[in-house]
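Below: one structure, written as C-alpha coordinates.
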Amino acid sequence: MDRHVFEFLAGRVCLDFINTVSWRESETAAVERLTSYSEILAWAAAGGVLDRQAARRLRARALRHPKEAEAAHTDAVRFRDALYRTICAELEGAASDPADLAKMNARISEAAAFRRLVPSEAGFVWRCDESNLRAPLWTIALSAADLLPSPGFARVRRCGLEDCGWLFLDTSKNKTRRWCRMEICGNRHKAQRFYEKKKLRDRGTPPSQTTRPH
(Lines give C-alpha, C1' and ligand atoms only; values in the text may rest on other atoms or scores of the structure.)
Protein backbone atom coordinates (compact mmCIF):
# COMPACT_ATOMS: atom_id res chain seq x y z
CA MET A 1 0.00 0.00 0.00
CA ASP A 2 1.28 3.50 -0.84
CA ARG A 3 2.31 5.71 2.06
CA HIS A 4 -0.17 8.46 2.95
CA VAL A 5 0.84 11.87 1.60
CA PHE A 6 0.64 14.35 4.47
CA GLU A 7 -0.69 17.84 3.83
CA PHE A 8 0.76 21.00 5.35
CA LEU A 9 -1.76 23.78 4.83
CA ALA A 10 -2.61 24.95 8.33
CA GLY A 11 0.00 27.68 8.67
CA ARG A 12 1.54 26.42 11.93
CA VAL A 13 3.38 23.21 12.80
CA CYS A 14 1.10 22.40 15.72
CA LEU A 15 -2.04 22.80 13.59
CA ASP A 16 -0.62 20.64 10.82
CA PHE A 17 0.10 18.00 13.45
CA ILE A 18 -3.52 18.13 14.63
CA ASN A 19 -4.56 17.54 11.03
CA THR A 20 -2.98 14.07 11.01
CA VAL A 21 -6.45 12.64 11.64
CA SER A 22 -8.56 12.65 8.49
CA TRP A 23 -12.30 13.34 8.84
CA ARG A 24 -11.80 13.65 12.59
CA GLU A 25 -15.40 14.58 13.39
CA SER A 26 -16.97 11.74 11.40
CA GLU A 27 -18.33 8.82 13.43
CA THR A 28 -17.64 6.37 10.61
CA ALA A 29 -14.90 7.80 8.38
CA ALA A 30 -12.21 9.12 10.78
CA VAL A 31 -8.72 7.86 9.90
CA GLU A 32 -5.69 7.96 12.21
CA ARG A 33 -2.61 8.73 10.09
CA LEU A 34 -0.03 8.38 12.87
CA THR A 35 -0.29 4.69 13.64
CA SER A 36 3.35 4.31 14.70
CA TYR A 37 6.45 6.25 15.66
CA SER A 38 7.73 5.69 12.12
CA GLU A 39 4.72 7.61 10.78
CA ILE A 40 5.49 10.53 13.10
CA LEU A 41 8.99 10.64 11.62
CA ALA A 42 7.56 10.47 8.11
CA TRP A 43 5.27 13.42 8.92
CA ALA A 44 8.11 15.40 10.55
CA ALA A 45 10.45 14.86 7.60
CA ALA A 46 7.77 15.73 5.04
CA GLY A 47 6.92 18.96 6.87
CA GLY A 48 10.48 20.08 7.57
CA VAL A 49 10.14 19.58 11.33
CA LEU A 50 13.20 17.32 11.02
CA ASP A 51 15.68 17.12 8.20
CA ARG A 52 15.82 13.74 6.54
CA GLN A 53 19.18 12.85 8.06
CA ALA A 54 17.84 13.45 11.55
CA ALA A 55 14.73 11.42 10.71
CA ARG A 56 16.91 8.51 9.56
CA ARG A 57 18.96 8.66 12.77
CA LEU A 58 15.82 8.65 14.90
CA ARG A 59 14.33 5.78 12.89
CA ALA A 60 17.47 3.73 13.53
CA ARG A 61 17.35 4.59 17.23
CA ALA A 62 13.66 3.66 17.39
CA LEU A 63 14.51 0.21 16.02
CA ARG A 64 17.08 -0.22 18.80
CA HIS A 65 14.74 1.12 21.50
CA PRO A 66 11.18 0.05 20.55
CA LYS A 67 9.66 0.70 24.00
CA GLU A 68 11.07 4.22 24.05
CA ALA A 69 9.69 4.80 20.55
CA GLU A 70 6.28 3.47 21.55
CA ALA A 71 6.18 5.82 24.56
CA ALA A 72 7.15 8.79 22.37
CA HIS A 73 4.42 7.88 19.88
CA THR A 74 1.79 7.57 22.63
CA ASP A 75 2.74 10.91 24.20
CA ALA A 76 2.70 12.67 20.82
CA VAL A 77 -0.79 11.42 19.96
CA ARG A 78 -2.12 12.28 23.42
CA PHE A 79 -0.62 15.77 23.15
CA ARG A 80 -2.15 16.21 19.69
CA ASP A 81 -5.65 15.24 20.81
CA ALA A 82 -5.46 17.33 24.00
CA LEU A 83 -4.34 20.32 21.93
CA TYR A 84 -7.20 19.81 19.48
CA ARG A 85 -9.80 19.66 22.26
CA THR A 86 -8.32 22.72 23.96
CA ILE A 87 -8.30 24.81 20.79
CA CYS A 88 -11.84 23.75 19.87
CA ALA A 89 -13.08 24.62 23.35
CA GLU A 90 -11.58 28.08 23.00
CA LEU A 91 -13.10 28.55 19.54
CA GLU A 92 -16.51 27.56 20.92
CA GLY A 93 -16.20 29.77 24.01
CA ALA A 94 -16.17 26.75 26.32
CA ALA A 95 -13.92 25.91 29.25
CA SER A 96 -10.80 23.88 28.58
CA ASP A 97 -10.42 20.49 30.23
CA PRO A 98 -7.84 20.83 33.07
CA ALA A 99 -6.52 17.35 32.25
CA ASP A 100 -5.85 18.40 28.66
CA LEU A 101 -4.08 21.55 29.80
CA ALA A 102 -1.97 19.50 32.20
CA LYS A 103 -0.88 17.19 29.36
CA MET A 104 0.00 20.16 27.19
CA ASN A 105 1.90 22.04 29.87
CA ALA A 106 3.91 18.93 30.77
CA ARG A 107 5.09 18.50 27.19
CA ILE A 108 5.74 22.24 26.72
CA SER A 109 7.83 22.36 29.90
CA GLU A 110 9.78 19.30 28.78
CA ALA A 111 10.39 20.85 25.37
CA ALA A 112 11.60 24.12 26.86
CA ALA A 113 14.10 22.25 29.03
CA PHE A 114 15.67 20.63 25.95
CA ARG A 115 15.68 23.71 23.73
CA ARG A 116 19.03 25.30 22.88
CA LEU A 117 20.16 28.32 20.87
CA VAL A 118 22.35 27.35 17.92
CA PRO A 119 23.89 29.45 15.15
CA SER A 120 22.63 29.18 11.58
CA GLU A 121 23.19 30.97 8.29
CA ALA A 122 20.28 33.28 9.15
CA GLY A 123 21.45 33.92 12.73
CA PHE A 124 20.60 32.17 15.97
CA VAL A 125 17.68 29.75 16.05
CA TRP A 126 16.08 27.50 18.65
CA ARG A 127 16.71 23.78 18.26
CA CYS A 128 15.72 20.73 20.27
CA ASP A 129 18.02 17.76 20.74
CA GLU A 130 17.43 15.89 17.48
CA SER A 131 19.08 12.73 18.82
CA ASN A 132 16.19 12.20 21.24
CA LEU A 133 13.14 10.24 20.09
CA ARG A 134 10.90 12.92 21.56
CA ALA A 135 12.41 15.69 19.43
CA PRO A 136 9.45 15.92 16.99
CA LEU A 137 7.01 16.27 19.88
CA TRP A 138 9.09 19.02 21.45
CA THR A 139 9.05 21.07 18.25
CA ILE A 140 5.27 20.67 18.02
CA ALA A 141 4.81 21.60 21.69
CA LEU A 142 6.88 24.76 21.30
CA SER A 143 4.84 25.70 18.21
CA ALA A 144 1.67 25.41 20.30
CA ALA A 145 3.25 27.41 23.11
CA ASP A 146 4.00 30.22 20.66
CA LEU A 147 0.59 30.19 18.95
CA LEU A 148 -1.99 29.85 21.73
CA PRO A 149 -1.14 33.01 23.73
CA SER A 150 -0.35 35.09 20.63
CA PRO A 151 -2.60 37.58 18.78
CA GLY A 152 -2.39 35.21 15.81
CA PHE A 153 -4.59 32.70 17.63
CA ALA A 154 -7.58 34.91 16.72
CA ARG A 155 -7.11 33.71 13.13
CA VAL A 156 -7.36 30.00 13.95
CA ARG A 157 -10.38 28.42 12.25
CA ARG A 158 -11.98 24.99 12.12
CA CYS A 159 -13.00 23.77 8.67
CA GLY A 160 -16.61 24.60 7.84
CA LEU A 161 -17.37 21.02 6.79
CA GLU A 162 -18.77 19.33 9.88
CA ASP A 163 -17.07 15.96 9.37
CA CYS A 164 -13.62 17.41 8.68
CA GLY A 165 -12.34 18.90 11.93
CA TRP A 166 -9.10 20.23 10.43
CA LEU A 167 -7.74 23.48 11.81
CA PHE A 168 -5.93 26.26 9.97
CA LEU A 169 -4.73 29.82 10.33
CA ASP A 170 -6.90 32.15 8.26
CA THR A 171 -4.49 34.55 6.60
CA SER A 172 -6.99 35.77 4.01
CA LYS A 173 -7.28 39.55 3.73
CA ASN A 174 -10.93 39.65 4.83
CA LYS A 175 -10.64 36.76 7.34
CA THR A 176 -13.31 34.86 5.42
CA ARG A 177 -11.63 31.52 4.70
CA ARG A 178 -14.08 28.71 5.54
CA TRP A 179 -12.45 25.55 4.26
CA CYS A 180 -9.16 23.83 4.93
CA ARG A 181 -9.21 22.64 1.28
CA MET A 182 -11.68 24.31 -1.05
CA GLU A 183 -11.24 21.60 -3.68
CA ILE A 184 -12.27 18.90 -1.18
CA CYS A 185 -14.27 20.28 1.74
CA GLY A 186 -15.70 23.31 -0.05
CA ASN A 187 -16.87 21.25 -3.01
CA ARG A 188 -18.18 18.50 -0.73
CA HIS A 189 -20.21 21.08 1.21
CA LYS A 190 -21.67 22.43 -2.05
CA ALA A 191 -22.59 18.92 -3.14
CA GLN A 192 -24.28 18.24 0.21
CA ARG A 193 -26.26 21.47 -0.01
CA PHE A 194 -27.33 20.66 -3.56
CA TYR A 195 -28.46 17.17 -2.52
CA GLU A 196 -30.40 18.52 0.49
CA LYS A 197 -32.17 21.13 -1.64
CA LYS A 198 -33.02 18.53 -4.27
CA LYS A 199 -34.56 16.26 -1.64
CA LEU A 200 -36.66 19.16 -0.33
CA ARG A 201 -37.82 20.05 -3.84
CA ASP A 202 -38.74 16.42 -4.50
CA ARG A 203 -40.83 16.41 -1.31
CA GLY A 204 -42.33 19.79 -2.12
CA THR A 205 -40.92 21.37 1.05
CA PRO A 206 -39.69 24.97 0.89
CA PRO A 207 -35.96 24.98 1.81
CA SER A 208 -36.40 27.80 4.31
CA GLN A 209 -38.54 25.62 6.55
CA THR A 210 -35.99 22.92 7.22
CA THR A 211 -32.49 24.03 6.38
CA ARG A 212 -30.26 25.46 9.07
CA PRO A 213 -27.23 27.72 8.78
CA HIS A 214 -23.93 25.88 8.49
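We name chains A, B, ... following the order of the C-alpha coordinates; residues begin at 1 in each chain, and ligands are numbered from 1 as shown.
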Sel. of strand (DSSP E) residues, segment 94-131 of chain A, as a ChimeraX atom specification: /A:115-120,123-128
Determine, counting only C-alpha atoms, which protein, DNA and RNA residues have an atom within 10 Å of an atom of segment 151-153 of chain A; residues of the same chain fewer than 3 positions away are not included. Present the result as a ChimeraX atom specification. /A:87,90-91,144,146-148,156-157,169-171
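The interatomic distance for the pair atom CA of Trp23 of chain A and atom CA of Trp166 of chain A works out to 7.8 Å.
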Polymer residues at most 12 Å from Ala89 of chain A, only C-alpha atoms, same-chain spacing of 5 or more positions, as number ranges by chain: A: 82-84, 94-98, 100-101, 158
So which residues touch segment 47-61 of chain A within 9 Å, counting only C-alpha atoms, skipping near sequence neighbours fewer than 4 positions away, as an mmCIF file with all heavy atoms, in the first residue's frame?
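Once written, selection.cif looks like this:
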data_model
loop_
_atom_site.group_PDB
_atom_site.id
_atom_site.type_symbol
_atom_site.label_atom_id
_atom_site.label_comp_id
_atom_site.auth_asym_id
_atom_site.auth_seq_id
_atom_site.Cartn_x
_atom_site.Cartn_y
_atom_site.Cartn_z
ATOM 1 N N PHE A 6 1.093 13.370 3.487
ATOM 2 C CA PHE A 6 0.644 14.350 4.469
ATOM 3 C C PHE A 6 0.504 15.726 3.827
ATOM 4 O O PHE A 6 1.258 16.088 2.918
ATOM 5 C CB PHE A 6 1.636 14.431 5.635
ATOM 6 C CG PHE A 6 1.693 13.184 6.471
ATOM 7 C CD1 PHE A 6 2.763 12.308 6.360
ATOM 8 C CD2 PHE A 6 0.671 12.882 7.356
ATOM 9 C CE1 PHE A 6 2.814 11.151 7.138
ATOM 10 C CE2 PHE A 6 0.714 11.728 8.130
ATOM 11 C CZ PHE A 6 1.791 10.863 8.017
ATOM 12 N N GLU A 7 -0.460 16.489 4.324
ATOM 13 C CA GLU A 7 -0.687 17.843 3.825
ATOM 14 C C GLU A 7 -0.306 18.862 4.893
ATOM 15 O O GLU A 7 -0.564 18.661 6.079
ATOM 16 C CB GLU A 7 -2.158 18.015 3.434
ATOM 17 C CG GLU A 7 -2.570 17.125 2.277
ATOM 18 C CD GLU A 7 -3.961 17.455 1.772
ATOM 19 O OE1 GLU A 7 -4.156 18.568 1.249
ATOM 20 O OE2 GLU A 7 -4.846 16.606 1.914
ATOM 21 N N PHE A 8 0.299 19.947 4.444
ATOM 22 C CA PHE A 8 0.757 20.999 5.346
ATOM 23 C C PHE A 8 0.171 22.319 4.854
ATOM 24 O O PHE A 8 0.774 23.031 4.056
ATOM 25 C CB PHE A 8 2.285 21.032 5.379
ATOM 26 C CG PHE A 8 2.896 19.754 5.885
ATOM 27 C CD1 PHE A 8 3.141 18.702 5.008
ATOM 28 C CD2 PHE A 8 3.179 19.592 7.220
ATOM 29 C CE1 PHE A 8 3.676 17.507 5.467
ATOM 30 C CE2 PHE A 8 3.707 18.400 7.699
ATOM 31 C CZ PHE A 8 3.953 17.354 6.821
ATOM 32 N N VAL A 13 2.999 24.611 12.612
ATOM 33 C CA VAL A 13 3.379 23.212 12.800
ATOM 34 C C VAL A 13 2.389 22.475 13.677
ATOM 35 O O VAL A 13 1.971 21.350 13.365
ATOM 36 C CB VAL A 13 4.800 23.128 13.403
ATOM 37 C CG1 VAL A 13 5.082 21.726 13.933
ATOM 38 C CG2 VAL A 13 5.846 23.515 12.369
ATOM 39 N N ASP A 16 -0.828 21.716 11.785
ATOM 40 C CA ASP A 16 -0.620 20.642 10.816
ATOM 41 C C ASP A 16 -0.559 19.289 11.519
ATOM 42 O O ASP A 16 -1.029 18.280 10.980
ATOM 43 C CB ASP A 16 0.674 20.873 10.030
ATOM 44 C CG ASP A 16 0.517 21.895 8.919
ATOM 45 O OD1 ASP A 16 -0.538 21.895 8.250
ATOM 46 O OD2 ASP A 16 1.434 22.708 8.720
ATOM 47 N N TYR A 37 5.415 5.225 15.552
ATOM 48 C CA TYR A 37 6.454 6.246 15.661
ATOM 49 C C TYR A 37 7.060 6.537 14.293
ATOM 50 O O TYR A 37 7.394 7.685 13.982
ATOM 51 C CB TYR A 37 7.540 5.807 16.637
ATOM 52 C CG TYR A 37 8.605 6.851 16.828
ATOM 53 C CD1 TYR A 37 8.355 7.979 17.611
ATOM 54 C CD2 TYR A 37 9.842 6.738 16.202
ATOM 55 C CE1 TYR A 37 9.320 8.970 17.766
ATOM 56 C CE2 TYR A 37 10.809 7.714 16.352
ATOM 57 C CZ TYR A 37 10.540 8.832 17.135
ATOM 58 O OH TYR A 37 11.495 9.811 17.278
ATOM 59 N N SER A 38 7.180 5.502 13.464
ATOM 60 C CA SER A 38 7.729 5.687 12.124
ATOM 61 C C SER A 38 6.902 6.689 11.323
ATOM 62 O O SER A 38 7.454 7.491 10.552
ATOM 63 C CB SER A 38 7.784 4.344 11.392
ATOM 64 O OG SER A 38 8.283 4.502 10.081
ATOM 65 N N LEU A 41 7.761 10.208 12.290
ATOM 66 C CA LEU A 41 8.990 10.638 11.622
ATOM 67 C C LEU A 41 8.740 10.979 10.158
ATOM 68 O O LEU A 41 9.303 11.938 9.635
ATOM 69 C CB LEU A 41 10.049 9.550 11.733
ATOM 70 C CG LEU A 41 10.600 9.269 13.130
ATOM 71 C CD1 LEU A 41 11.669 8.183 13.069
ATOM 72 C CD2 LEU A 41 11.175 10.530 13.774
ATOM 73 N N ALA A 42 7.888 10.188 9.504
ATOM 74 C CA ALA A 42 7.558 10.475 8.108
ATOM 75 C C ALA A 42 6.879 11.837 7.994
ATOM 76 O O ALA A 42 7.178 12.627 7.078
ATOM 77 C CB ALA A 42 6.654 9.377 7.554
ATOM 78 N N TRP A 43 5.943 12.117 8.907
ATOM 79 C CA TRP A 43 5.275 13.422 8.916
ATOM 80 C C TRP A 43 6.285 14.541 9.179
ATOM 81 O O TRP A 43 6.280 15.572 8.490
ATOM 82 C CB TRP A 43 4.188 13.443 9.990
ATOM 83 C CG TRP A 43 3.572 14.784 10.183
ATOM 84 C CD1 TRP A 43 2.534 15.329 9.481
ATOM 85 C CD2 TRP A 43 3.993 15.795 11.123
ATOM 86 N NE1 TRP A 43 2.276 16.609 9.929
ATOM 87 C CE2 TRP A 43 3.158 16.916 10.924
ATOM 88 C CE3 TRP A 43 4.982 15.842 12.094
ATOM 89 C CZ2 TRP A 43 3.278 18.078 11.682
ATOM 90 C CZ3 TRP A 43 5.119 17.008 12.855
ATOM 91 C CH2 TRP A 43 4.268 18.104 12.642
ATOM 92 N N HIS A 65 15.431 0.877 20.227
ATOM 93 C CA HIS A 65 14.737 1.122 21.498
ATOM 94 C C HIS A 65 13.227 1.182 21.243
ATOM 95 O O HIS A 65 12.615 2.252 21.329
ATOM 96 C CB HIS A 65 15.221 2.428 22.111
ATOM 97 C CG HIS A 65 16.706 2.479 22.339
ATOM 98 N ND1 HIS A 65 17.304 1.913 23.439
ATOM 99 C CD2 HIS A 65 17.706 3.019 21.587
ATOM 100 C CE1 HIS A 65 18.609 2.108 23.378
ATOM 101 N NE2 HIS A 65 18.881 2.772 22.263
ATOM 102 N N PRO A 66 12.607 0.051 20.931
ATOM 103 C CA PRO A 66 11.185 0.052 20.550
ATOM 104 C C PRO A 66 10.246 0.536 21.651
ATOM 105 O O PRO A 66 9.241 1.196 21.349
ATOM 106 C CB PRO A 66 10.912 -1.416 20.191
ATOM 107 C CG PRO A 66 12.009 -2.192 20.858
ATOM 108 C CD PRO A 66 13.200 -1.299 20.863
ATOM 109 N N ALA A 69 10.397 4.265 21.716
ATOM 110 C CA ALA A 69 9.694 4.801 20.546
ATOM 111 C C ALA A 69 8.186 4.719 20.735
ATOM 112 O O ALA A 69 7.449 5.649 20.383
ATOM 113 C CB ALA A 69 10.112 4.036 19.292
ATOM 114 N N GLU A 130 17.972 16.740 18.523
ATOM 115 C CA GLU A 130 17.426 15.886 17.479
ATOM 116 C C GLU A 130 17.898 14.443 17.578
ATOM 117 O O GLU A 130 17.544 13.612 16.743
ATOM 118 C CB GLU A 130 17.760 16.457 16.100
ATOM 119 C CG GLU A 130 17.037 17.757 15.802
ATOM 120 C CD GLU A 130 17.252 18.255 14.388
ATOM 121 O OE1 GLU A 130 18.165 17.725 13.702
ATOM 122 O OE2 GLU A 130 16.513 19.157 13.959
ATOM 123 N N SER A 131 18.688 14.123 18.605
ATOM 124 C CA SER A 131 19.075 12.731 18.819
ATOM 125 C C SER A 131 18.105 12.016 19.749
ATOM 126 O O SER A 131 18.203 10.812 19.944
ATOM 127 C CB SER A 131 20.491 12.656 19.404
ATOM 128 O OG SER A 131 20.517 13.207 20.719
ATOM 129 N N ASN A 132 17.168 12.764 20.312
ATOM 130 C CA ASN A 132 16.195 12.200 21.244
ATOM 131 C C ASN A 132 14.919 11.838 20.494
ATOM 132 O O ASN A 132 14.438 12.605 19.650
ATOM 133 C CB ASN A 132 15.895 13.220 22.348
ATOM 134 C CG ASN A 132 15.132 12.614 23.515
ATOM 135 O OD1 ASN A 132 14.040 12.082 23.359
ATOM 136 N ND2 ASN A 132 15.731 12.691 24.696
ATOM 137 N N LEU A 133 14.341 10.686 20.797
ATOM 138 C CA LEU A 133 13.145 10.237 20.094
ATOM 139 C C LEU A 133 11.957 11.170 20.292
ATOM 140 O O LEU A 133 11.002 11.138 19.512
ATOM 141 C CB LEU A 133 12.770 8.824 20.544
ATOM 142 C CG LEU A 133 13.709 7.701 20.107
ATOM 143 C CD1 LEU A 133 13.231 6.360 20.648
ATOM 144 C CD2 LEU A 133 13.843 7.636 18.599
ATOM 145 N N ALA A 135 12.123 14.407 20.094
ATOM 146 C CA ALA A 135 12.410 15.688 19.434
ATOM 147 C C ALA A 135 11.253 16.207 18.584
ATOM 148 O O ALA A 135 10.927 17.407 18.649
ATOM 149 C CB ALA A 135 13.680 15.566 18.595
ATOM 150 N N PRO A 136 10.584 15.373 17.767
ATOM 151 C CA PRO A 136 9.452 15.922 16.991
ATOM 152 C C PRO A 136 8.350 16.489 17.884
ATOM 153 O O PRO A 136 7.786 17.544 17.580
ATOM 154 C CB PRO A 136 8.961 14.707 16.189
ATOM 155 C CG PRO A 136 10.133 13.804 16.100
ATOM 156 C CD PRO A 136 10.860 13.968 17.403
ATOM 157 N N THR A 139 9.235 19.999 19.228
ATOM 158 C CA THR A 139 9.048 21.066 18.246
ATOM 159 C C THR A 139 7.575 21.433 18.114
ATOM 160 O O THR A 139 7.209 22.618 18.037
ATOM 161 C CB THR A 139 9.606 20.641 16.883
ATOM 162 O OG1 THR A 139 11.003 20.357 17.014
ATOM 163 C CG2 THR A 139 9.413 21.733 15.842
ATOM 164 N N ILE A 140 6.715 20.435 18.109
ATOM 165 C CA ILE A 140 5.270 20.667 18.025
ATOM 166 C C ILE A 140 4.778 21.406 19.271
ATOM 167 O O ILE A 140 3.986 22.360 19.175
ATOM 168 C CB ILE A 140 4.532 19.326 17.866
ATOM 169 C CG1 ILE A 140 4.929 18.657 16.553
ATOM 170 C CG2 ILE A 140 3.022 19.529 17.926
ATOM 171 C CD1 ILE A 140 4.714 17.154 16.544
#
